[in-house]
>>> print(open('my_file-v5.cif').read())   # mmCIF, C-alpha atoms
data_protein
loop_
_atom_site.label_atom_id
_atom_site.label_comp_id
_atom_site.auth_asym_id
_atom_site.auth_seq_id
_atom_site.Cartn_x
_atom_site.Cartn_y
_atom_site.Cartn_z
CA MET A 1 -10.42 -2.11 24.42
CA ASN A 2 -9.81 -5.75 23.60
CA GLU A 3 -11.91 -7.90 21.30
CA GLN A 4 -13.70 -9.70 24.13
CA GLU A 5 -14.93 -6.42 25.62
CA GLN A 6 -16.13 -5.29 22.19
CA LYS A 7 -18.06 -8.55 21.72
CA ASP A 8 -19.58 -8.20 25.19
CA MET A 9 -20.71 -4.65 24.39
CA GLN A 10 -22.26 -5.74 21.11
CA GLU A 11 -24.15 -8.59 22.76
CA GLN A 12 -25.59 -6.38 25.49
CA GLU A 13 -28.58 -4.33 24.53
CA ILE A 14 -29.03 -0.79 25.75
CA PRO A 15 -32.65 -0.24 26.67
CA THR A 16 -34.48 2.71 25.17
CA GLU A 17 -36.00 5.38 27.41
CA GLN A 18 -39.44 3.86 27.01
CA GLU A 19 -38.13 0.45 28.02
CA GLN A 20 -36.41 2.05 31.02
CA GLN A 21 -39.69 3.57 32.19
CA ASN A 22 -41.50 0.24 31.77
CA LEU A 23 -38.92 -1.77 33.72
CA PRO A 24 -40.51 -3.76 36.53
CA VAL A 25 -39.45 -2.60 39.96
CA ASP A 26 -39.22 -5.15 42.72
CA GLU A 27 -41.84 -4.06 45.24
CA GLY A 28 -40.24 -5.83 48.14
CA ASN A 29 -36.76 -4.41 47.82
CA GLY A 30 -35.86 -0.98 46.37
CA ASP A 31 -32.31 -2.11 45.58
CA SER A 32 -33.15 -3.84 42.26
CA GLY A 33 -34.30 -0.55 40.73
CA THR A 34 -31.12 1.20 41.74
CA ASP A 35 -29.10 -1.80 40.53
CA LEU A 36 -30.76 -1.51 37.14
CA MET A 37 -30.09 2.22 37.02
CA LYS A 38 -26.47 1.63 38.01
CA GLU A 39 -26.09 -0.99 35.28
CA LEU A 40 -27.72 1.37 32.79
CA GLU A 41 -25.25 4.11 33.71
CA GLU A 42 -22.36 1.68 33.26
CA GLN A 43 -23.66 0.69 29.83
CA LYS A 44 -24.08 4.35 28.85
CA ASP A 45 -20.50 5.01 29.96
CA LYS A 46 -19.20 2.06 27.91
CA PHE A 47 -21.20 3.27 24.93
CA ILE A 48 -19.84 6.82 25.20
CA ARG A 49 -16.27 5.54 25.51
CA LEU A 50 -16.73 3.28 22.49
CA LEU A 51 -18.16 6.16 20.49
CA ALA A 52 -15.22 8.39 21.45
CA GLU A 53 -12.78 5.64 20.51
CA PHE A 54 -14.45 5.30 17.12
CA GLU A 55 -14.30 9.07 16.53
CA ASN A 56 -10.58 9.03 17.36
CA TYR A 57 -10.10 6.13 14.95
CA LYS A 58 -11.85 8.06 12.16
CA ARG A 59 -9.78 11.17 12.84
CA ARG A 60 -6.53 9.16 12.87
CA THR A 61 -7.27 7.30 9.63
CA THR A 62 -8.26 10.55 7.90
CA LYS A 63 -4.97 12.12 8.97
CA GLU A 64 -3.00 9.06 7.77
CA ARG A 65 -4.82 9.15 4.45
CA LEU A 66 -3.97 12.83 3.92
CA GLU A 67 -0.32 12.09 4.70
CA LEU A 68 -0.36 9.26 2.18
CA PHE A 69 -1.68 11.58 -0.54
CA LYS A 70 0.98 14.18 0.27
CA THR A 71 3.81 11.66 -0.05
CA ALA A 72 2.36 9.36 -2.72
CA GLY A 73 4.68 10.61 -5.46
CA LEU A 74 7.76 10.64 -3.23
CA GLU A 75 9.19 7.37 -4.55
CA VAL A 76 8.69 8.35 -8.19
CA ILE A 77 10.27 11.76 -7.63
CA LYS A 78 13.28 10.18 -5.92
CA ASP A 79 13.73 7.84 -8.88
CA LEU A 80 13.53 10.74 -11.35
CA LEU A 81 16.17 12.84 -9.59
CA PRO A 82 19.13 11.09 -11.29
CA ALA A 83 17.62 11.89 -14.69
CA LEU A 84 17.23 15.52 -13.62
CA ASP A 85 20.86 15.57 -12.52
CA ASP A 86 21.86 14.23 -15.93
CA MET A 87 19.89 17.03 -17.60
CA ASP A 88 21.70 19.63 -15.50
CA ARG A 89 25.09 18.15 -16.41
CA ALA A 90 24.07 18.07 -20.08
CA GLU A 91 23.18 21.78 -20.03
CA VAL A 92 26.61 22.62 -18.69
CA ALA A 93 28.32 20.31 -21.19
CA MET A 94 26.38 21.72 -24.15
CA GLU A 95 27.72 25.22 -23.52
CA THR A 96 31.29 24.10 -24.21
CA ALA A 97 30.64 21.12 -26.51
CA THR A 98 32.24 21.12 -29.93
CA ASN A 99 31.30 17.58 -30.93
CA LEU A 100 27.60 17.46 -31.89
CA ASP A 101 27.58 13.64 -32.05
CA ALA A 102 28.62 13.38 -28.39
CA VAL A 103 25.77 15.71 -27.39
CA LYS A 104 23.29 13.62 -29.41
CA ASP A 105 24.54 10.40 -27.81
CA GLY A 106 24.28 11.94 -24.34
CA LEU A 107 20.74 13.08 -25.03
CA LYS A 108 19.77 9.58 -26.22
CA LEU A 109 21.21 8.05 -23.04
CA MET A 110 19.29 10.49 -20.84
CA SER A 111 16.08 9.85 -22.74
CA GLU A 112 16.55 6.09 -22.40
CA LYS A 113 17.30 6.42 -18.67
CA LEU A 114 14.15 8.49 -18.13
CA ARG A 115 11.99 6.07 -20.13
CA ASN A 116 13.37 3.05 -18.24
CA THR A 117 12.67 4.71 -14.89
CA LEU A 118 9.09 5.48 -15.91
CA GLN A 119 8.58 1.96 -17.30
CA GLN A 120 9.70 0.52 -13.96
CA LYS A 121 6.93 2.55 -12.35
CA GLY A 122 4.32 1.06 -14.72
CA LEU A 123 4.24 3.60 -17.57
CA LYS A 124 3.74 2.14 -21.04
CA GLU A 125 3.51 3.85 -24.39
CA ILE A 126 0.39 3.21 -26.47
CA SER A 127 1.54 1.98 -29.88
CA CYS A 128 -0.78 3.03 -32.65
CA LYS A 129 0.96 4.04 -35.91
CA GLY A 130 -0.34 1.89 -38.75
CA GLU A 131 -3.04 0.33 -36.54
CA ALA A 132 -6.79 0.66 -36.96
CA PHE A 133 -8.17 3.77 -35.25
CA ASP A 134 -9.45 2.86 -31.77
CA THR A 135 -11.49 5.47 -29.87
CA ASP A 136 -10.77 3.71 -26.58
CA ARG A 137 -7.04 4.47 -26.84
CA MET A 138 -6.75 7.31 -29.36
CA GLU A 139 -8.05 10.78 -30.09
CA ALA A 140 -8.33 11.78 -33.76
CA ILE A 141 -7.03 15.29 -34.33
CA THR A 142 -7.68 15.30 -38.06
CA GLU A 143 -8.38 13.09 -41.05
CA ILE A 144 -6.37 13.14 -44.24
CA SER A 145 -6.74 11.20 -47.46
CA ALA A 146 -4.86 7.95 -47.02
CA PRO A 147 -1.59 7.67 -48.99
CA SER A 148 -2.53 4.07 -49.82
CA PRO A 149 -5.81 2.10 -49.72
CA GLU A 150 -4.60 -0.15 -46.87
CA LEU A 151 -4.20 2.91 -44.57
CA GLN A 152 -7.88 3.90 -44.80
CA GLY A 153 -9.34 3.99 -41.28
CA LYS A 154 -5.87 3.51 -39.81
CA VAL A 155 -3.47 5.81 -37.99
CA VAL A 156 -1.25 7.62 -40.49
CA ASP A 157 0.68 9.81 -38.04
CA VAL A 158 1.02 10.25 -34.27
CA LEU A 159 1.08 13.87 -33.10
CA GLU A 160 1.31 13.12 -29.38
CA LYS A 161 2.01 9.71 -27.88
CA GLY A 162 -0.47 8.18 -25.49
CA TYR A 163 0.46 6.44 -22.24
CA THR A 164 -0.97 3.96 -19.76
CA LEU A 165 0.00 3.67 -16.12
CA ASN A 166 -0.56 0.17 -14.75
CA ASP A 167 -2.98 -0.56 -17.63
CA LYS A 168 -5.03 2.62 -17.03
CA ILE A 169 -4.94 5.24 -19.78
CA ILE A 170 -3.51 8.49 -18.44
CA ARG A 171 -3.19 10.22 -21.81
CA TYR A 172 -4.84 9.32 -25.11
CA ALA A 173 -2.68 9.27 -28.23
CA LYS A 174 -3.42 12.21 -30.55
CA VAL A 175 -3.35 10.87 -34.09
CA VAL A 176 -4.04 11.62 -37.74
CA VAL A 177 -6.37 9.09 -39.38
CA GLY A 178 -6.47 8.16 -43.06
CA LYS A 179 -9.83 8.33 -44.87
#
>>> encode(input="my_file-v5.cif", output="structure tokens")
Amino acid sequence: MNEQEQKDMQEQEIPTEQEQQNLPVDEGNGDSGTDLMKELEEQKDKFIRLLAEFENYKRRTTKERLELFKTAGLEVIKDLLPALDDMDRAEVAMETATNLDAVKDGLKLMSEKLRNTLQQKGLKEISCKGEAFDTDRMEAITEISAPSPELQGKVVDVLEKGYTLNDKIIRYAKVVVGK
């Protein structure tokens, strides 16, 4: 249905049953009553078709939305696969490795690769060590006596890093606060 037909349907009013019963009937010619009934039937048909079209639209958009949710993480997963491949290769290499420094360097490279991939997707680490305790970004696990007076009310240690995804906190930092 094109836009013009939709506008025409919106502009036309469908009479209620009471209005239909109160319609004036031309006494001289019986054709005007049947013409009105015929026009009413056409309007009802247009209305039913429009309603069916709308129901199909709702069903289609719901289906598309479900598909979007199913595949929403597809791009992120594809970007993480190289890091997973590196981990698999590292496991194999560690079984026969004799040089511990090479294993450490490889692990650092894999960690950096994973972090860079996640940062490209909008993940950011919440920095908090040495900062004033902020309940909007951090969760205090425990309080200890501050090693120095300037660390009172500040984060002394980070037990679990916090992260934001596109400026929305997805995990609060779990910290130890000095008192």
>>> closest_residue(input="my_file-v5.cif", among="A:Glu125, A:Glu91, A:Glu53, A:Glu41", to="Met110 of chain A", atoms="all atoms listed in the file")
A:Glu91
>>> atom_distance(input="my_file-v5.cif", atom1="atom CA of Glu131 of chain A", atom2="atom CA of Ala173 of chain A")
12.2 Å
>>> resolve_selection(input="my_file-v5.cif", expression="the PyMOL selection byres ((chain A and resi 122) around 6)", output="PDB file with C-alpha atoms, in the frame of the given file")
ATOM      1  CA  GLN A 119       8.580   1.960 -17.300  1.00  0.00           C
ATOM      2  CA  GLN A 120       9.700   0.520 -13.960  1.00  0.00           C
ATOM      3  CA  LYS A 121       6.930   2.550 -12.350  1.00  0.00           C
ATOM      4  CA  LEU A 123       4.240   3.600 -17.570  1.00  0.00           C
ATOM      5  CA  LEU A 165       0.000   3.670 -16.120  1.00  0.00           C
ATOM      6  CA  ASN A 166      -0.560   0.170 -14.750  1.00  0.00           C
TER       7      ASN A 166
END
>>> residues_around(input="my_file-v5.cif", residues="Val103 of chain A", least_positions_apart="2", cutoff="12 Å", atoms="all atoms listed in the file", output="tab-separated table (two decimals) with C-alpha atoms, keeping the file's coordinate frame")
chain	number	residue	atom	x	y	z
A	87	MET	CA	19.89	17.03	-17.60
A	89	ARG	CA	25.09	18.15	-16.41
A	90	ALA	CA	24.07	18.07	-20.08
A	91	GLU	CA	23.18	21.78	-20.03
A	92	VAL	CA	26.61	22.62	-18.69
A	93	ALA	CA	28.32	20.31	-21.19
A	94	MET	CA	26.38	21.72	-24.15
A	95	GLU	CA	27.72	25.22	-23.52
A	96	THR	CA	31.29	24.10	-24.21
A	97	ALA	CA	30.64	21.12	-26.51
A	98	THR	CA	32.24	21.12	-29.93
A	99	ASN	CA	31.30	17.58	-30.93
A	100	LEU	CA	27.60	17.46	-31.89
A	101	ASP	CA	27.58	13.64	-32.05
A	105	ASP	CA	24.54	10.40	-27.81
A	106	GLY	CA	24.28	11.94	-24.34
A	107	LEU	CA	20.74	13.08	-25.03
A	108	LYS	CA	19.77	9.58	-26.22
A	109	LEU	CA	21.21	8.05	-23.04
A	110	MET	CA	19.29	10.49	-20.84
>>> residues_around(input="my_file-v5.cif", residues="Thr164 of chain A", least_positions_apart="3", cutoff="8 Å", atoms="all atoms listed in the file", output="VMD selection string")
chain A and resid 122 to 126 167 to 171
>>> write_last_selection(input="my_file-v5.cif", atoms="C-alpha atoms", output="PDB file, in the frame of the given file")
ATOM      1  CA  GLY A 122       4.320   1.060 -14.720  1.00  0.00           C
ATOM      2  CA  LEU A 123       4.240   3.600 -17.570  1.00  0.00           C
ATOM      3  CA  LYS A 124       3.740   2.140 -21.040  1.00  0.00           C
ATOM      4  CA  GLU A 125       3.510   3.850 -24.390  1.00  0.00           C
ATOM      5  CA  ILE A 126       0.390   3.210 -26.470  1.00  0.00           C
ATOM      6  CA  ASP A 167      -2.980  -0.560 -17.630  1.00  0.00           C
ATOM      7  CA  LYS A 168      -5.030   2.620 -17.030  1.00  0.00           C
ATOM      8  CA  ILE A 169      -4.940   5.240 -19.780  1.00  0.00           C
ATOM      9  CA  ILE A 170      -3.510   8.490 -18.440  1.00  0.00           C
ATOM     10  CA  ARG A 171      -3.190  10.220 -21.810  1.00  0.00           C
TER      11      ARG A 171
END
>>> atom_distance(input="my_file-v5.cif", atom1="atom CA of Ala52 of chain A", atom2="atom CA of Lys70 of chain A")
27.3 Å
>>> axis_aligned_box(input="my_file-v5.cif", around="segment 93-96 of chain A", padding_each_side="8 Å", output="lines of an AutoDock Vina configuration file")
center_x = 28.8
center_y = 22.8
center_z = -22.7
size_x = 20.9
size_y = 20.9
size_z = 19.0
>>> resolve_selection(input="my_file-v5.cif", expression="the PyMOL selection byres ((chain A and resi 159) around 7)", output="ChimeraX atom specification")
/A:157-158,160-161,174-175
>>> resolve_selection(input="my_file-v5.cif", expression="the PyMOL selection byres ((chain A and resi 130) around 9)", output="PyMOL selection string")
chain A and resi 128-129+131-133+151+154-157
>>> atom_distance(input="my_file-v5.cif", atom1="atom CA of Val177 of chain A", atom2="atom CA of Gly153 of chain A")
6.2 Å
